[in-house]
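Student: Let me give you the structure first, and then I'll get to my questions.
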Amino acid sequence: MKLITVLRLTAILGLASLAYAQSMQSSESRFPVELGRGFESKFAQVNGTQLHYVRGGSGPALILLHGFPEDWYEFRLVMPRLANRFTVVAVDLRGVGDSAPAESGYDAANLAKDIYQLIRALGLEHVYVFGHDIGGIVAYAFARRYPQSARGVMILDSAVPGLDPWRDILGHPAFWHVRFHQTNLPEKLVSGRQAEYFRYFLSQFSDVDVDHYAHAYRDPDHLRAAFETYRAFPADEKFFAAQRRRLDLPIVVGSGEHDAFAEFLPRIAAAMRAYGCANLKVETVQGAHYVAEEKPEAVEELIERYAGTDAAQPQ
């Protein structure tokens, strides 16, 4: 009996070891080799959850916040060069990628709190925050909640919920998915079909990249996290509509020249200025919506121009 028990235990442990090895191999394969040496994939416990981030380089701190349907990997092409000048930290937002899903807390103000506590945990100061798409909304919430912790913010391909022209954007055909994501249908229809659904948005991407993003939203909890950020938009509207104090923090708002946000960009900038953003500049960059992957050189140049400690001082 003892021999049988030992054999069974050995078999169980062997299977567990094999599963662990396979999971580690899968995790390693998702860490792109083009980042080179000096980058680390790490975790931090902040704001009641666990965030995953990839860090490398040295110099002034630069925080990179991704959009939907992506994760930190969105910035893989710009991180190596930026790391020559900055301490680069690309974050998986709450519930995305290797960050832990949570039952709640997906409104922009709380996601900004996640980032604030992360930079505190990492000992970073006077950070520059770059946000794309959903990440742009979080970046603006960070600017409103923690302006003393930042030297500047850049927001690309995003609008501010509750500020003009938010209602017109919601009615634009290019943004049909916003209202769809706010219903209770996405999890039922997309679960198990992440790659097919994301391919609709990422039509120009390789299968390897689409598969990576499908894995970032791989199970019902991670998938729900993505849609919860959209369901939090009504709360975001109220939060941002109440933010009217003068904000001297340098802010850059922009879009890809071929992105649907481009036609709204002048109105987005005008509304932000009307709500107190006194040091705001507008930029248009090459490419469409996924500019960091379509035109990484243009995004690198834009970040380098504004995120340096001298460039980001109030004017």
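Simple scheme: letters A, B, ... for chains in structure tokens order, numbers from 1 for residues in each chain, numbers from 1 for ligands in the order shown.
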DSSP on the backbone: which residues in range 180-289 of chain A end up as alpha helix (DSSP H)? Give the answer as JSON, numbers by chain.

Tutor: {"A": [180, 181, 186, 187, 188, 189, 190, 194, 195, 196, 197, 198, 199, 200, 201, 207, 208, 209, 210, 211, 212, 213, 214, 215, 216, 220, 221, 222, 223, 224, 225, 226, 227, 228, 229, 230, 231, 233, 234, 235, 236, 237, 238, 239, 240, 241, 265, 266, 267, 268, 269, 270, 271, 272, 273, 274]}

Student: At a cut-off of 9 Å, using only C-alpha atoms, what residues contact Arg85 in chain A? Leave out same-chain residues fewer than 2 positions from it and give the result as a PyMOL selection string.

Tutor: chain A and resi 57-60+81-83+87-88+304+308

Student: Using N, CA and C atoms, can you export the residues from the last selection as a PDB file, in the first residue's frame?

Tutor:
ATOM      1  N   GLY A  57      15.682  50.267 -18.203  1.00  0.00           N
ATOM      2  CA  GLY A  57      16.283  51.567 -18.442  1.00  0.00           C
ATOM      3  C   GLY A  57      16.628  52.323 -17.180  1.00  0.00           C
ATOM      4  N   SER A  58      17.055  53.578 -17.362  1.00  0.00           N
ATOM      5  CA  SER A  58      17.391  54.449 -16.239  1.00  0.00           C
ATOM      6  C   SER A  58      17.160  55.892 -16.657  1.00  0.00           C
ATOM      7  N   GLY A  59      16.983  56.732 -15.649  1.00  0.00           N
ATOM      8  CA  GLY A  59      16.705  58.136 -15.920  1.00  0.00           C
ATOM      9  C   GLY A  59      15.344  58.518 -15.385  1.00  0.00           C
ATOM     10  N   PRO A  60      14.800  59.654 -15.828  1.00  0.00           N
ATOM     11  CA  PRO A  60      13.473  60.090 -15.363  1.00  0.00           C
ATOM     12  C   PRO A  60      12.422  59.028 -15.633  1.00  0.00           C
ATOM     13  N   ARG A  81      14.390  51.775 -27.081  1.00  0.00           N
ATOM     14  CA  ARG A  81      15.007  53.083 -27.324  1.00  0.00           C
ATOM     15  C   ARG A  81      14.704  54.051 -26.193  1.00  0.00           C
ATOM     16  N   LEU A  82      13.476  54.060 -25.700  1.00  0.00           N
ATOM     17  CA  LEU A  82      13.135  54.962 -24.607  1.00  0.00           C
ATOM     18  C   LEU A  82      13.940  54.646 -23.351  1.00  0.00           C
ATOM     19  N   ALA A  83      14.309  53.369 -23.189  1.00  0.00           N
ATOM     20  CA  ALA A  83      15.067  52.964 -22.003  1.00  0.00           C
ATOM     21  C   ALA A  83      16.475  53.549 -21.991  1.00  0.00           C
ATOM     22  N   THR A  87      13.666  55.684 -17.198  1.00  0.00           N
ATOM     23  CA  THR A  87      13.247  54.477 -16.505  1.00  0.00           C
ATOM     24  C   THR A  87      11.835  54.178 -17.000  1.00  0.00           C
ATOM     25  N   VAL A  88      11.701  53.148 -17.812  1.00  0.00           N
ATOM     26  CA  VAL A  88      10.445  52.847 -18.490  1.00  0.00           C
ATOM     27  C   VAL A  88       9.683  51.781 -17.705  1.00  0.00           C
ATOM     28  N   GLU A 304       9.935  61.420 -26.416  1.00  0.00           N
ATOM     29  CA  GLU A 304      11.235  61.980 -26.071  1.00  0.00           C
ATOM     30  C   GLU A 304      11.198  63.509 -26.062  1.00  0.00           C
ATOM     31  N   GLY A 308      11.113  64.509 -21.363  1.00  0.00           N
ATOM     32  CA  GLY A 308      12.350  64.854 -20.677  1.00  0.00           C
ATOM     33  C   GLY A 308      12.082  65.828 -19.546  1.00  0.00           C
TER      34      GLY A 308
END

Student: Give me the residues within 7 Å of range 220-224 of chain A as a PyMOL selection string, counting only C-alpha atoms and dropping any in the same chain fewer than 2 places off.

Tutor: chain A and resi 95-96+101+187+191+217-218+226-228

Student: From a DSSP calculation on the backbone, collect every residue of range 154-286 of chain A in strand (DSSP E) and output the set as a CSV table (one decimal) with C-alpha atoms, in the first residue's frame.

Tutor:
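Output file result-v5.csv follows:
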chain,number,residue,atom,x,y,z
A,154,MET,CA,0.4,62.6,-22.8
A,155,ILE,CA,-2.9,61.2,-24.0
A,156,LEU,CA,-3.2,59.6,-27.5
A,251,ILE,CA,-0.5,67.9,-21.0
A,252,VAL,CA,-0.3,66.7,-24.6
A,253,VAL,CA,-3.4,65.4,-26.3
A,254,GLY,CA,-3.2,63.9,-29.7
A,255,SER,CA,-4.2,61.2,-32.2
A,256,GLY,CA,-3.0,59.2,-35.1
A,280,LEU,CA,-2.1,71.9,-23.1
A,281,LYS,CA,-0.7,71.2,-26.5
A,282,VAL,CA,-2.1,69.3,-29.4
A,283,GLU,CA,-0.2,66.8,-31.6
A,284,THR,CA,-1.0,64.6,-34.5
A,285,VAL,CA,1.3,61.6,-35.2

Student: Please provide as a PDB file with C-alpha atoms, in the first residue's frame all residues within 12 Å of range 198-211 of chain A, with the sequence filter that same-chain residues fewer than 3 positions apart are discarded (counting only C-alpha atoms).

Tutor:
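After the write, part-v8.pdb holds the following:
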ATOM      1  CA  SER A  29       7.519  32.933 -24.654  1.00  0.00           C
ATOM      2  CA  ARG A  30       5.228  35.928 -24.134  1.00  0.00           C
ATOM      3  CA  PHE A  31       8.172  38.114 -23.060  1.00  0.00           C
ATOM      4  CA  PRO A  32       9.461  39.504 -26.373  1.00  0.00           C
ATOM      5  CA  GLY A  67      -5.461  50.565 -24.385  1.00  0.00           C
ATOM      6  CA  PHE A  68      -8.010  47.936 -25.425  1.00  0.00           C
ATOM      7  CA  PRO A  69      -7.617  45.149 -26.485  1.00  0.00           C
ATOM      8  CA  GLU A  70      -3.962  45.236 -25.499  1.00  0.00           C
ATOM      9  CA  ASP A  71      -1.662  44.999 -22.508  1.00  0.00           C
ATOM     10  CA  TYR A  73       3.091  44.439 -24.876  1.00  0.00           C
ATOM     11  CA  GLU A  74       1.649  47.335 -26.890  1.00  0.00           C
ATOM     12  CA  ARG A  76       7.415  46.530 -26.886  1.00  0.00           C
ATOM     13  CA  ALA A 174     -16.288  53.824 -35.416  1.00  0.00           C
ATOM     14  CA  PHE A 175     -17.071  53.539 -31.706  1.00  0.00           C
ATOM     15  CA  TRP A 176     -19.978  51.089 -31.863  1.00  0.00           C
ATOM     16  CA  HIS A 177     -18.129  48.751 -29.526  1.00  0.00           C
ATOM     17  CA  VAL A 190     -16.554  36.731 -26.921  1.00  0.00           C
ATOM     18  CA  SER A 191     -15.451  34.137 -24.349  1.00  0.00           C
ATOM     19  CA  GLY A 192     -13.496  31.427 -26.145  1.00  0.00           C
ATOM     20  CA  ARG A 193     -13.364  33.575 -29.273  1.00  0.00           C
ATOM     21  CA  GLN A 194     -10.980  36.288 -28.070  1.00  0.00           C
ATOM     22  CA  ALA A 195      -8.622  35.908 -31.018  1.00  0.00           C
ATOM     23  CA  ALA A 214      -6.097  37.027 -26.750  1.00  0.00           C
ATOM     24  CA  HIS A 215      -4.046  35.501 -23.931  1.00  0.00           C
ATOM     25  CA  ALA A 216      -4.038  38.817 -22.072  1.00  0.00           C
ATOM     26  CA  TYR A 217      -7.838  38.444 -21.829  1.00  0.00           C
ATOM     27  CA  ARG A 218      -7.695  34.668 -21.703  1.00  0.00           C
ATOM     28  CA  LEU A 223     -12.246  39.316 -20.158  1.00  0.00           C
ATOM     29  CA  GLY A 287      -0.498  56.158 -38.304  1.00  0.00           C
ATOM     30  CA  ALA A 288      -4.006  55.179 -37.327  1.00  0.00           C
ATOM     31  CA  HIS A 289      -5.213  54.081 -33.883  1.00  0.00           C
ATOM     32  CA  TYR A 290      -2.479  51.688 -32.731  1.00  0.00           C
ATOM     33  CA  VAL A 291       0.317  54.190 -33.241  1.00  0.00           C
ATOM     34  CA  GLU A 293       2.916  49.515 -32.974  1.00  0.00           C
ATOM     35  CA  GLU A 294       2.217  50.997 -36.401  1.00  0.00           C
TER      36      GLU A 294
END

Student: What's the 12 Å shell around range 112-123 of chain A, counting only C-alpha atoms, without same-chain residues fewer than 5 positions away, as a PyMOL selection string?

Tutor: chain A and resi 42-53+55+60-65+87-95+99-100+105-107+128-131+134-150+236

Student: If I take CA of Glu40 in chain A and CA of Ala108 in chain A, how far is one from the other in Å, to one decimal?

Tutor: 26.5 Å

Student: Write out as an mmCIF file with C-alpha atoms, in the first residue's frame the residues lying within 12 Å of Trp166 in chain A, counting only C-alpha atoms and excluding same-chain residues fewer than 4 positions away.

Tutor:
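The resulting file, out.cif, is shown below:
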data_model
loop_
_atom_site.group_PDB
_atom_site.id
_atom_site.type_symbol
_atom_site.label_atom_id
_atom_site.label_comp_id
_atom_site.auth_asym_id
_atom_site.auth_seq_id
_atom_site.Cartn_x
_atom_site.Cartn_y
_atom_site.Cartn_z
ATOM 1 C CA SER A 158 -8.664 58.985 -26.404
ATOM 2 C CA ALA A 159 -11.396 61.339 -25.253
ATOM 3 C CA VAL A 160 -12.538 62.393 -21.792
ATOM 4 C CA PRO A 161 -15.852 60.886 -20.663
ATOM 5 C CA GLY A 162 -18.265 63.627 -19.712
ATOM 6 C CA LEU A 170 -20.448 57.598 -28.646
ATOM 7 C CA GLY A 171 -22.750 58.054 -31.637
ATOM 8 C CA HIS A 172 -19.968 57.694 -34.206
ATOM 9 C CA PHE A 175 -17.071 53.539 -31.706
ATOM 10 C CA VAL A 178 -18.322 51.140 -26.557
ATOM 11 C CA PHE A 233 -17.771 55.188 -18.186
ATOM 12 C CA PRO A 234 -20.921 56.675 -16.566
ATOM 13 C CA ASP A 236 -16.045 58.412 -15.224
ATOM 14 C CA GLU A 237 -18.319 61.021 -16.793
ATOM 15 C CA PHE A 240 -14.361 64.239 -14.973
ATOM 16 C CA ALA A 241 -17.288 66.649 -15.237
ATOM 17 C CA PHE A 261 -10.379 60.478 -32.969
ATOM 18 C CA PHE A 264 -12.677 65.264 -32.768
ATOM 19 C CA LEU A 265 -9.243 66.345 -31.567
ATOM 20 C CA ARG A 267 -12.997 69.832 -29.698
ATOM 21 C CA ILE A 268 -11.370 67.475 -27.186
ATOM 22 C CA ALA A 271 -13.078 71.128 -23.766
ATOM 23 C CA MET A 272 -10.022 70.251 -21.681
#

Student: Counting only C-alpha atoms, what is within 10 Å of Ala270 in chain A, bar same-chain residues fewer than 3 positions away, as a count of residues only?

Tutor: 11
